[in-house]
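J.: For reference, the structure I am asking about is given below.
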Amino acid sequence: MPGLAENSRPSGPAPSPVAAHATVIQLRSGLKAAHPAAAPSLDPSAGQSDRDAAGFWERIYAQQGRTLADEATADAHRITSATMGLLIEGARADGVINDEQARYLGALTIEAVRAPDFL
């Protein structure tokens, strides 16, 4: 089985991002935490501290009955966030998103990976 960082795209044309559909998994109701980087600036850290970002993630986990203070939960969060970084980089490489969008989303991913360290 190829690793996440390896090219595992099957041969043939890539599916159209417009035609692709995603399954939405409903989490427990009440996920209302606004992301601390939701400001109009393209710099996700503009005016926000690392603790603000960590608090954002902790509120989401708390609404699901979990905490990033739990080491196993924090590790799973870091793995998932880092994997999102790989997906973002793949989308950039495939031209689905541009370099500026990839930088912005990549910064958010790094912020997410580091969140448990700031609780």
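Chain labels run A, B, ... following the order of the structure tokens; each chain numbers its residues from 1, and ligands are numbered from 1 in the order shown.
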Show which residues sit within 8 Å of A:Pro116, as an mmCIF file with C-alpha atoms, in the first residue's frame. Count only C-alpha atoms, and ignore same-chain residues fewer than 2 positions away.
T.:
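part_32.cif, written as the output of this step:
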data_model
loop_
_atom_site.group_PDB
_atom_site.id
_atom_site.type_symbol
_atom_site.label_atom_id
_atom_site.label_comp_id
_atom_site.auth_asym_id
_atom_site.auth_seq_id
_atom_site.Cartn_x
_atom_site.Cartn_y
_atom_site.Cartn_z
ATOM 1 C CA ALA A 54 -5.587 26.318 20.677
ATOM 2 C CA LEU A 68 -6.715 17.984 23.585
ATOM 3 C CA ALA A 69 -5.230 17.757 27.072
ATOM 4 C CA ALA A 74 -3.776 15.324 21.022
ATOM 5 C CA VAL A 113 -0.865 20.674 14.563
ATOM 6 C CA ARG A 114 0.616 22.942 17.250
ATOM 7 C CA PHE A 118 -0.598 25.832 23.772
ATOM 8 C CA LEU A 119 -3.317 24.616 26.118
#
J.: Between A:Arg51, A:Arg59, A:Arg66, A:Arg103, which has the minimum distance to A:Glu89 (counting only C-alpha atoms)?
T.: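 Comparing A:Arg51, A:Arg59, A:Arg66, A:Arg103 against A:Glu89, the winner is A:Arg103.
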J.: Please, what distance in Å, to one decimal, runs between atom CA of A:Asp50 and atom CA of A:Ile110?
T.: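 A separation of 10.8 Å between them.
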J.: Between A:Ala102, A:Leu108, A:Ile88, A:Ala115, which one has atoms that come closest to A:Tyr61, using only C-alpha atoms?
T.: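 Result for the nearest residue to A:Tyr61: A:Ala115.
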